[in-house]
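Here's the structure we're looking at; comments come further down.
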Amino acid sequence: MELFLQQLFNGIMFGSTYAIVALGLTLVMGILHIPNFAHGHLYMLGGYITYFFITNLGFGYWYSLLLSMVILGFVGVVMERIVFRPLTGQPPINAFIAAIGALIFLESLALVIWGPQGMRIPNPHPQIIKMFGITMEAQRLLVVGGAAVLIVLLHLFLKKTTTGTTIEAVAQNREGAMLTGINVNRVSSMTFFISSATAAVAASFLSPIFILSPAMGAVLGMKAFIIVILGGMGSVPGAILGGYFLGLIEALGGGYISAEYKDVFAFGALILVLSIKPTGLFGKQEG
Amino acid sequence: MLKLEQVYTDIGELHIIHNVSLNIQKGEFVTLLGSNGAGKTTLFRTIAGVLKPAFGTVEFNGIAIDKLPVHKIVDLGIVLCPQGRQLFPELSVKKNLVMGAFSLRGQKSKIKKNLDRVYEHFPILKERSNQLAGTFSGGEQQMLAIGRALMSEPSMLLLDEPSMGLAPLIVKQIADVISNINHEMDTTIFLSEQNANMALNITERGYVLESGKCVLEGLCKDLKNDENVKRAYIGA
């Protein structure tokens with residue numbers, strides 16, 4: 001029972017991070033209609049920016065997290081402007097290739113600046129909390145709570161504000177949105193800002209727990225991509241639930257069977273879901 | 001109010017619109033007749049700024065708009081209610097309408113007033129304001145599209161074939177509302193139609209487009225008696 005609860009908690013913690021990263025990816029996918037393969041690398045860069053402020057400049061954890069959010073948000077805006085916007089109206093394969101170019105650039109940039117060795121942010125909340133017979137670091141609890149707050153805030157923004165609704169409108173009908181007077185380019189920039197800023201939050205949450213490395217973006221980007229397909233392309237609830245789902249599968253499969261096979265469970269779940277429901281858990285029928 | 005001079009529009013390699021010039025005064029109700037493929041939609045998309053003319057100018061109240069982005073043109077007061085409706089299928093009826101008032105964002109009382117007025121024109125939209133737009137029938141979607149276009153209080157409304165694919169009874173209902181909008185709200189309307197019977201009965205003046213060229217223009221009462229128009233569009 002204790003093992004189960006411990007793994008359940010770990011699963012929810014991983015799932016929280018997956019959910020916010022996948023949420024950012026799915027929002028951008030709605031606008032671009034292609035997956036931004038560099039999304040995981042933005043996440044990686046967000047971790048390093050937080051690291052830079054804490055380690056090199058000696059700023060506090062929360063202040064660094066906030067700065068990292070804003071800076072990575074603008075990195076996303078610039079990326080949309082120079083990598084994706086010039087390719088609007090061209091075959092999707094061009095944007096695919098551009099995204100791969102962008103991810104190679106970001107990974108090399110991190111390698112040049114910070115080197116290939118792993119780095120760690122000192123844990124700002126190392127206290128140990130005992131609850132329901134399991135032990136956890138306060139930082140891990142923060143990941144779970146913080147992610148939930150972020151998801152609720154994003155949901156309210158999308159559903160209850162006019163500005164948030166423009167993101168949905170552009171995703172559902174780009175030309176229709178233009179004709180109602182929405183500046184579609186500005187909505188694209190805003191979506192990239194939100195998507196990158198949330199990735200920075202996820203990275204800042206996890207980097208006191210795990211080691212930062214330039215290669216970690218590729219792994220997380222791939223997982224976010226699995227989640228988005230699993231949950232249904234462009235679906236916001238799909239990305240959130242898919243994130244928690246994947247986190248739980250990995251933690252429980254890893255805890256009970258073998259941690260070595262963690263990724264096998266993730267991809268296995270993807271294959272299983274797609275063979276039963278090809279549009280994903282929350283996907284709409286094509287057409 | 002709206003003035004096109006020698007407009008040419010290409011889509012890819014195809015030359016769709018050739019040398020179209022026209023002039024619409026404030027408050028007028030004008031139709032654009034043409035068969036399938038004549039270039040009506042392309043011409044409307046050019047005016048709305050979705051397509052840019054290869055040559056020629058489009059002026060609105062003396063301002064050149066042919067190089068402006070679509071949202072700036074909407075801000076100036078021209079709104080296109082497009083063919084195929086281009087609604088937001090996963091948003092509720094009410095959210096679709098509120099998006100239509102995007103250029104008035106922040107002006108809550110004005111948006112509320114326009115929403116009430118649209119509900120007055122189309123009571124069914126009020127009854128179903130929380131339903132998703134994608135679940136609507138064709139006629140209801142057309143009403144929603146017109147309603148959404150009206151939400152920003154345009155001074156000029158471009159309606160691209162609102163009767164397409166609809167039952168005659170619905171066409172009649174929509175035609176009545178369009179006439180009302182023109183008369184009561186003093187909105188200038190430019191209406192493209194294949195359904196010449198309906199269009200010539202409610203509008204005052206018309207242009208006839210054939211293969212991207214403007215081949216005829218005149219008052220509706222004259223167009224109705226024109227042998228070519230009769231043969232090609234009325235079928236008498």
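Letters for chains follow the order of the structure tokens (A, B, ...), residue numbers begin at 1 for each chain, and ligand numbers begin at 1 in the order shown.
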
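Residues of chain A lying within 10 Å of chain B, counting only C-alpha atoms, are A:Lys159, A:Thr162, A:Thr163, A:Thr165, A:Thr166, A:Glu168, A:Ala169, A:Val170, A:Ala171, A:Gln172, A:Asn173, A:Arg174, A:Glu175, A:Gly176, A:Ala177, A:Met178, A:Leu179, A:Thr180, A:Gly181, A:Ile182, A:Asn183, A:Val184.
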
Excluding Val229 (chain B) and its own-chain neighbours fewer than 3 positions away, which residues fall within 10 Å of it when counting only C-alpha atoms? Please give them as a PDB file with N, CA, C and O atoms, in the first residue's frame.
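Listing of out.pdb after writing:
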ATOM      1  N   LEU B  33     -24.424  40.194 -59.206  1.00  0.00           N
ATOM      2  CA  LEU B  33     -24.927  38.943 -59.763  1.00  0.00           C
ATOM      3  C   LEU B  33     -23.833  38.246 -60.539  1.00  0.00           C
ATOM      4  O   LEU B  33     -22.973  38.900 -61.136  1.00  0.00           O
ATOM      5  N   GLY B  34     -23.903  36.936 -60.535  1.00  0.00           N
ATOM      6  CA  GLY B  34     -22.927  36.191 -61.303  1.00  0.00           C
ATOM      7  C   GLY B  34     -23.132  34.721 -61.067  1.00  0.00           C
ATOM      8  O   GLY B  34     -23.589  34.327 -59.998  1.00  0.00           O
ATOM      9  N   ALA B 196     -30.894  35.461 -58.619  1.00  0.00           N
ATOM     10  CA  ALA B 196     -31.140  36.816 -59.105  1.00  0.00           C
ATOM     11  C   ALA B 196     -32.546  37.288 -58.768  1.00  0.00           C
ATOM     12  O   ALA B 196     -32.766  38.469 -58.497  1.00  0.00           O
ATOM     13  N   VAL B 208     -23.312  43.017 -62.836  1.00  0.00           N
ATOM     14  CA  VAL B 208     -23.285  41.621 -63.273  1.00  0.00           C
ATOM     15  C   VAL B 208     -21.854  41.246 -63.615  1.00  0.00           C
ATOM     16  O   VAL B 208     -21.187  41.930 -64.397  1.00  0.00           O
ATOM     17  N   LEU B 216     -22.118  44.327 -66.920  1.00  0.00           N
ATOM     18  CA  LEU B 216     -23.357  45.089 -66.965  1.00  0.00           C
ATOM     19  C   LEU B 216     -23.573  45.735 -65.614  1.00  0.00           C
ATOM     20  O   LEU B 216     -23.219  45.180 -64.586  1.00  0.00           O
ATOM     21  N   ASP B 222     -34.258  47.882 -64.394  1.00  0.00           N
ATOM     22  CA  ASP B 222     -33.776  47.727 -65.768  1.00  0.00           C
ATOM     23  C   ASP B 222     -33.127  46.364 -65.974  1.00  0.00           C
ATOM     24  O   ASP B 222     -33.306  45.718 -67.005  1.00  0.00           O
ATOM     25  N   LEU B 223     -32.362  45.931 -64.959  1.00  0.00           N
ATOM     26  CA  LEU B 223     -31.677  44.638 -65.077  1.00  0.00           C
ATOM     27  C   LEU B 223     -32.690  43.501 -65.214  1.00  0.00           C
ATOM     28  O   LEU B 223     -32.479  42.547 -65.949  1.00  0.00           O
ATOM     29  N   LYS B 224     -33.813  43.642 -64.501  1.00  0.00           N
ATOM     30  CA  LYS B 224     -34.835  42.602 -64.546  1.00  0.00           C
ATOM     31  C   LYS B 224     -35.377  42.409 -65.963  1.00  0.00           C
ATOM     32  O   LYS B 224     -35.786  41.311 -66.337  1.00  0.00           O
ATOM     33  N   ASN B 225     -35.367  43.502 -66.728  1.00  0.00           N
ATOM     34  CA  ASN B 225     -35.913  43.409 -68.083  1.00  0.00           C
ATOM     35  C   ASN B 225     -34.856  43.165 -69.145  1.00  0.00           C
ATOM     36  O   ASN B 225     -35.175  43.037 -70.322  1.00  0.00           O
ATOM     37  N   ASP B 226     -33.605  43.126 -68.722  1.00  0.00           N
ATOM     38  CA  ASP B 226     -32.524  42.900 -69.676  1.00  0.00           C
ATOM     39  C   ASP B 226     -32.564  41.445 -70.163  1.00  0.00           C
ATOM     40  O   ASP B 226     -32.653  40.514 -69.362  1.00  0.00           O
ATOM     41  N   ALA B 232     -29.815  34.352 -68.442  1.00  0.00           N
ATOM     42  CA  ALA B 232     -28.749  33.712 -67.666  1.00  0.00           C
ATOM     43  C   ALA B 232     -29.110  33.499 -66.200  1.00  0.00           C
ATOM     44  O   ALA B 232     -28.693  32.533 -65.596  1.00  0.00           O
ATOM     45  N   TYR B 233     -29.853  34.410 -65.581  1.00  0.00           N
ATOM     46  CA  TYR B 233     -30.005  34.337 -64.128  1.00  0.00           C
ATOM     47  C   TYR B 233     -31.431  34.151 -63.636  1.00  0.00           C
ATOM     48  O   TYR B 233     -31.653  33.782 -62.502  1.00  0.00           O
ATOM     49  N   ILE B 234     -32.402  34.482 -64.461  1.00  0.00           N
ATOM     50  CA  ILE B 234     -33.768  34.347 -63.970  1.00  0.00           C
ATOM     51  C   ILE B 234     -34.428  33.113 -64.578  1.00  0.00           C
ATOM     52  O   ILE B 234     -35.254  32.468 -63.957  1.00  0.00           O
ATOM     53  N   GLY B 235     -33.990  32.762 -65.747  1.00  0.00           N
ATOM     54  CA  GLY B 235     -34.507  31.548 -66.361  1.00  0.00           C
ATOM     55  C   GLY B 235     -35.901  31.727 -66.901  1.00  0.00           C
ATOM     56  O   GLY B 235     -36.708  30.795 -66.878  1.00  0.00           O
ATOM     57  N   ALA B 236     -36.215  32.959 -67.357  1.00  0.00           N
ATOM     58  CA  ALA B 236     -37.539  33.185 -67.942  1.00  0.00           C
ATOM     59  C   ALA B 236     -37.448  33.220 -69.467  1.00  0.00           C
ATOM     60  O   ALA B 236     -36.420  33.581 -70.010  1.00  0.00           O
TER      61      ALA B 236
END

Apply DSSP to the backbone of this structure and, from region 55-117 of chain A, keep only the residues in alpha helix (DSSP H); write these as a ChimeraX atom specification. /A:61-79,92-114

As an exercise, work out the distance from CA of Ile209 (chain A) to CA of Asn123 (chain A) in Å and give it to one decimal place. 7.0 Å

So that I can check the surroundings of Tyr207 (chain B), please list as a ChimeraX atom specification every protein, DNA and RNA residue that reaches within 8 Å of it, counting only C-alpha atoms and ignoring chain neighbours fewer than 3 positions away. /B:30-33,214-218

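The closest residue to Ala224 (chain A), picked from A:Gly164, A:Gly145, A:Gly11, A:Gly40 and counting only C-alpha atoms, is A:Gly40.
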
Min atom-atom distance to Gly76 (chain A) from the set A:Tyr244, A:Phe282, A:Phe192, A:Tyr261, counting only C-alpha atoms, belongs to A:Phe192
